[in-house]
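Enquirer: mmCIF, C-alpha atoms, file data-v8.cif:
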```
data_query
loop_
_atom_site.label_atom_id
_atom_site.label_comp_id
_atom_site.auth_asym_id
_atom_site.auth_seq_id
_atom_site.Cartn_x
_atom_site.Cartn_y
_atom_site.Cartn_z
CA HIS A 189 92.87 85.32 176.81
CA ALA A 190 94.93 83.66 174.07
CA ARG A 191 91.77 82.57 172.29
CA ASN A 192 90.35 86.08 172.50
CA TRP A 193 93.50 87.45 170.92
CA PHE A 194 93.22 84.83 168.21
CA TYR A 195 89.69 85.92 167.34
CA ILE A 196 90.79 89.56 167.16
CA ILE A 197 93.71 88.76 164.83
CA HIS A 198 91.58 86.37 162.79
CA SER A 199 88.94 89.06 162.33
CA LYS A 200 91.58 91.59 161.23
CA ILE A 201 93.01 89.18 158.64
CA SER A 202 89.53 88.46 157.30
CA ARG A 203 88.86 92.18 156.88
CA CYS A 204 92.20 92.66 155.12
CA LEU A 205 91.34 89.87 152.68
CA LEU A 206 88.02 91.53 151.91
CA GLU A 207 89.85 94.77 151.13
CA ILE A 208 92.19 93.14 148.59
CA LEU A 209 89.59 90.68 147.25
CA PRO A 210 88.75 92.71 144.10
CA GLU A 211 92.45 92.92 143.23
CA ILE A 212 92.96 89.17 143.71
CA GLU A 213 89.84 88.36 141.71
CA GLU A 214 91.03 90.55 138.83
CA ARG A 215 94.45 88.89 138.75
CA PHE A 216 93.09 85.36 138.94
CA TYR A 217 90.54 86.13 136.24
CA ALA A 218 93.28 87.43 133.94
CA GLU A 219 95.94 84.83 134.68
CA ARG A 220 93.91 81.62 135.07
CA ASP A 221 91.68 81.33 131.99
CA ASN A 222 88.97 83.72 133.18
CA ASN A 223 88.20 81.69 136.29
CA GLU A 224 86.12 83.57 138.84
CA VAL A 225 87.19 83.46 142.48
CA LYS A 226 84.50 81.95 144.71
CA ALA A 227 86.34 81.69 148.04
CA LEU A 228 89.81 82.31 149.44
CA GLY A 229 91.69 82.47 152.70
CA TRP A 230 94.43 81.11 154.94
CA LEU A 231 94.06 77.59 156.35
CA ALA A 232 96.30 75.25 158.31
CA GLU A 233 96.97 72.00 156.43
CA GLN A 234 98.03 68.86 158.25
CA VAL A 235 101.39 67.59 156.98
CA HIS A 236 102.24 64.96 159.58
CA TYR A 237 100.51 62.85 162.20
CA ASP A 238 102.32 60.65 164.71
CA ASP A 239 100.14 57.69 165.70
CA LEU A 240 102.12 57.07 168.87
CA THR A 241 102.20 60.59 170.27
CA THR A 242 99.11 61.86 168.36
CA ILE A 243 101.15 64.99 167.62
CA LYS A 244 100.08 66.79 164.46
CA SER A 245 102.18 69.11 162.34
CA TRP A 246 100.64 71.90 160.30
CA ARG A 247 101.65 74.37 157.62
CA PRO A 248 99.91 77.52 156.42
CA VAL A 249 98.32 77.34 152.99
CA PHE A 250 96.46 80.01 151.07
CA LEU A 251 93.49 78.32 149.42
CA VAL A 252 91.74 79.86 146.42
CA LEU A 253 88.55 78.32 145.08
CA THR A 254 87.58 79.37 141.56
CA ASP A 255 84.60 78.25 139.51
CA SER A 256 86.66 75.36 138.10
CA GLU A 257 89.76 74.87 140.29
CA ILE A 258 91.02 74.54 143.83
CA CYS A 259 94.43 76.21 144.10
CA PHE A 260 96.96 75.78 146.90
CA LEU A 261 99.46 78.62 147.35
CA SER A 262 102.25 79.11 149.87
CA HIS A 263 101.52 82.85 150.02
CA SER A 264 98.68 85.19 149.16
CA PRO A 265 98.38 85.99 145.42
CA VAL A 266 99.33 89.65 145.59
CA SER A 267 101.17 89.52 142.25
CA ARG A 268 100.30 88.30 138.77
CA GLN A 269 103.00 85.63 138.96
CA ALA A 270 101.63 84.28 142.25
CA SER A 271 98.14 84.13 140.73
CA ARG A 272 99.48 82.20 137.77
CA GLU A 273 101.75 79.76 139.59
CA SER A 274 99.99 77.86 142.36
CA ASN A 275 101.76 75.07 144.25
CA ILE A 276 98.96 72.56 143.63
CA THR A 277 95.86 72.84 141.47
CA TYR A 278 92.95 70.41 141.24
CA PRO A 279 89.83 70.49 139.06
CA VAL A 280 86.91 71.22 141.36
CA LEU A 281 84.91 68.36 139.80
CA SER A 282 87.59 65.89 140.93
CA SER A 283 87.17 67.00 144.54
CA ARG A 284 84.86 65.95 147.33
CA LEU A 285 84.47 67.17 150.90
CA ILE A 286 84.46 64.75 153.79
CA GLN A 287 82.23 65.56 156.74
CA SER A 288 84.07 67.64 159.29
CA THR A 289 85.08 66.25 162.67
CA ARG A 290 86.04 67.92 165.91
CA ASP A 291 89.75 68.01 166.72
CA THR A 292 89.82 66.00 169.96
CA SER A 293 93.47 66.89 170.61
CA THR A 294 92.43 70.36 171.77
CA ASP A 295 90.00 71.66 174.35
CA ILE A 296 88.69 74.38 172.08
CA ASP A 297 86.13 74.03 169.34
CA ILE A 298 88.34 73.40 166.29
CA SER A 299 87.15 71.29 163.36
CA LEU A 300 89.06 69.15 160.89
CA LEU A 301 87.88 69.26 157.30
CA SER A 302 89.16 66.75 154.75
CA LEU A 303 89.23 67.24 150.99
CA ARG A 304 89.51 64.08 148.88
CA VAL A 305 90.66 64.43 145.28
CA GLY A 306 90.59 61.82 142.54
CA THR A 307 93.76 62.00 140.44
CA LYS A 308 95.56 59.84 137.90
CA PHE A 309 97.72 58.61 140.79
CA GLY A 310 94.76 57.65 142.97
CA VAL A 311 93.04 59.47 145.82
CA VAL A 312 94.82 62.39 147.46
CA ILE A 313 93.61 63.62 150.86
CA HIS A 314 94.18 67.07 152.32
CA THR A 315 93.14 67.74 155.93
CA PHE A 316 92.64 71.29 157.16
CA ARG A 317 92.21 72.74 160.62
CA ILE A 318 89.21 75.05 160.70
CA GLU A 319 89.42 77.53 163.55
CA THR A 320 85.87 78.93 163.66
CA LYS A 321 82.36 77.78 162.86
CA TYR A 322 82.03 80.65 160.40
CA ASP A 323 85.09 79.41 158.47
CA LEU A 324 83.71 75.87 158.46
CA ASP A 325 80.38 77.02 157.02
CA TYR A 326 82.17 79.31 154.56
CA TRP A 327 84.37 76.59 153.05
CA THR A 328 81.87 73.73 153.07
CA THR A 329 79.17 75.87 151.46
CA SER A 330 81.52 77.45 148.92
CA ILE A 331 83.03 74.16 147.75
CA SER A 332 79.66 72.36 147.59
CA GLN A 333 78.04 75.17 145.61
CA CYS A 334 81.05 75.45 143.31
CA ILE A 335 80.90 71.74 142.44
CA GLN A 336 77.18 71.97 141.66
CA SER A 337 77.67 75.07 139.52
CA ALA A 338 80.59 73.48 137.65
CA VAL A 339 78.47 70.46 136.72
CA GLN A 340 75.72 72.66 135.30
CA ARG A 341 78.20 74.85 133.44
CA ILE A 342 80.49 72.15 132.00
CA LYS A 343 77.66 69.64 131.40
CA GLU A 344 79.92 66.94 129.93
CA VAL A 345 83.37 65.44 130.48
CA ILE A 346 85.26 62.93 128.34
CA PHE A 347 87.68 60.20 129.44
CA PRO A 348 89.86 58.13 127.06
CA CYS A 349 89.78 54.43 127.87
CA LYS A 350 89.68 50.91 126.43
CA TRP A 351 86.69 48.59 126.27
CA ASN A 352 86.95 45.07 124.85
CA ASN A 353 90.50 46.00 123.82
CA ARG A 354 89.25 48.91 121.70
CA LEU A 355 90.29 52.53 122.06
CA CYS A 356 87.25 54.48 123.19
CA LYS A 357 86.04 57.66 124.79
CA LEU A 358 83.70 57.53 127.75
CA TYR A 359 81.34 60.51 127.90
CA LEU A 360 79.73 61.57 131.15
CA HIS A 361 76.80 63.95 130.68
CA TYR A 362 75.04 65.60 133.60
CA GLU A 363 71.58 64.74 132.22
CA ASP A 364 72.04 61.89 129.73
CA GLY A 365 74.43 59.75 131.78
CA PHE A 366 77.03 57.50 130.15
CA ALA A 367 77.95 57.06 126.49
CA LEU A 368 80.88 55.09 125.10
CA TYR A 369 82.17 55.89 121.62
CA ALA A 370 84.78 53.96 119.65
CA GLU A 371 87.70 55.97 118.34
CA PRO A 372 87.20 56.60 114.59
CA ASP A 373 89.00 54.22 112.25
CA ILE A 374 91.52 55.54 109.76
CA GLY A 375 89.64 57.41 107.05
CA ASN A 376 86.48 57.61 109.14
CA ILE A 377 85.69 60.98 110.71
CA SER A 378 82.76 60.13 112.96
CA ALA A 379 82.99 58.04 116.12
CA ARG A 380 80.62 55.09 116.55
CA LEU A 381 78.37 54.82 119.59
CA LEU A 382 78.98 51.48 121.32
CA TRP A 383 76.55 51.80 124.21
CA GLN A 384 74.67 54.39 126.20
CA GLU A 385 73.11 54.19 129.66
CA PRO A 386 71.29 56.70 131.90
CA PHE A 387 72.40 57.32 135.47
CA GLU A 388 69.38 55.51 136.92
CA LYS A 389 70.48 52.23 135.28
CA LEU A 390 73.76 52.18 137.19
CA ARG A 391 73.53 49.62 139.99
CA SER A 392 77.12 49.71 141.22
CA SER A 393 80.59 50.88 140.29
CA SER A 394 84.04 49.84 141.49
CA ASP A 395 87.68 50.15 140.52
CA ASP A 396 91.08 48.70 141.40
CA ASN A 397 92.69 52.15 141.88
CA ASN A 398 95.12 51.16 139.15
CA HIS A 399 93.57 50.98 135.66
CA LEU A 400 90.31 49.03 135.82
CA LEU A 401 86.84 50.57 136.21
CA MET A 402 83.73 48.38 136.45
CA LEU A 403 80.22 49.69 135.81
CA ASP A 404 77.23 47.43 136.45
CA PHE A 405 74.05 48.44 134.61
CA HIS A 406 72.43 44.99 135.00
CA GLY A 407 72.38 44.74 131.23
CA GLU A 408 72.71 41.75 128.92
CA GLU A 409 76.45 42.33 128.52
CA GLY A 410 77.03 42.14 132.26
CA VAL A 411 79.53 44.36 134.03
CA MET A 412 81.26 46.86 131.76
CA GLU A 413 85.02 46.71 132.28
CA LEU A 414 86.91 49.78 131.12
CA TYR A 415 90.66 50.27 131.26
CA PHE A 416 92.29 53.64 131.79
CA ASP A 417 95.92 54.63 131.22
CA ALA A 418 96.13 55.67 134.88
CA SER A 419 93.98 55.40 137.99
CA PRO A 420 90.26 55.79 137.18
CA LYS A 421 89.70 57.78 140.39
CA SER A 422 89.37 61.04 138.48
CA PHE A 423 86.41 59.57 136.59
CA VAL A 424 84.95 58.15 139.81
CA PHE A 425 85.01 61.55 141.51
CA HIS A 426 83.50 63.22 138.45
CA LEU A 427 80.78 60.57 138.55
CA HIS A 428 80.00 61.43 142.18
CA ALA A 429 79.72 65.10 141.21
CA PHE A 430 77.43 64.41 138.23
CA PHE A 431 75.32 61.62 139.73
#
```
Please render this file's structure as structure tokens.
Expert:
Amino acid sequence: HARNWFYIIHSKISRCLLEILPEIEERFYAERDNNEVKALGWLAEQVHYDDLTTIKSWRPVFLVLTDSEICFLSHSPVSRQASRESNITYPVLSSRLIQSTRDTSTDIDISLLSLRVGTKFGVVIHTFRIETKYDLDYWTTSISQCIQSAVQRIKEVIFPCKWNNRLCKLYLHYEDGFALYAEPDIGNISARLLWQEPFEKLRSSSDDNNHLLMLDFHGEEGVMELYFDASPKSFVFHLHAFF
């Protein structure tokens, strides 16, 4: 009976969200650099897990997926200020979904969905409890499609780094692959191309989660070692989205 009541309440909340969706979309579009809302809704995020007792703690989070961001809010964005000030915001291209698993701590069919994000501090993981199969399909499809659309729309991202102790910019293009340009010298406007490689030449990539990124194109120069000011995980996750 409790589960039946849950489905009734869940259905009511979903219908209410649909009713206010145009209003939320308008506010997000106006307050967050014309970003279009692709998905939104309440989820339960895991905040603690006790290995000994296997007890999990959860908190409600209102998740909004736009065409370029994933926004975490503590309440629904019913005001302009709430639309503008999210608790946490990640670029969608720095995010990646992990395959869902069944929550074995319950007897009912609840799934756990993990979102991994590459940031300048390393990898951040958010785990959500998905109550219905419809919600699971809704979020996995929405996030996957949003990442693909963002790649085709943005086309290219740029990351400052160092190579052979030179200040450079590493370009990642969704069709052309990698290109490394040296920062222009004083008095020189144009940047000089140092090397360029297509995606298909990349044999392996690795990083130390600190500053060092290694790209192996099996070229004459060997493994390319690039140094970032912070963790290179943001680049790594962008690479997974583009490649």
Enquirer: Which residues would end up in the selection if the PyMOL selection byres ((chain A and resi 354) around 10) were applied here, given that I need the answer as a VMD selection string?
Expert: chain A and resid 349 to 353 355 to 357 369 to 371 414 to 415
Enquirer: Given the choices A:Ala232, A:Ile208, A:Leu358, A:Leu401, which gets closest to Leu301 (chain A) if the distance is worked out from all atoms listed in the file?
Expert: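 That would be A:Ala232, the residue with the smallest distance to Leu301 (chain A).
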Enquirer: Please give the centre and size of the box around region 407-416 of chain A (axis-aligned, containing every atom listed in the file, 5 Å added per side), with values in Å to one decimal and written as AutoDock Vina command-line options.
Expert:
```
--center_x 82.3 --center_y 47.7 --center_z 131.3 --size_x 29.9 --size_y 21.9 --size_z 15.5
```
Enquirer: Name the residues captured by the PyMOL selection byres ((chain A and resi 248) around 8) when it is applied to the shown file; answer as a PyMOL selection string.
Expert: chain A and resi 230-233+246-247+249-250+262
Enquirer: Between A:Pro420, A:Gly407, A:Pro210, A:Gly365, which residue has the minimum interatomic distance to Gln384 (chain A), considering only C-alpha atoms?
Expert: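 Smallest separation from Gln384 (chain A) among the options: A:Gly365.
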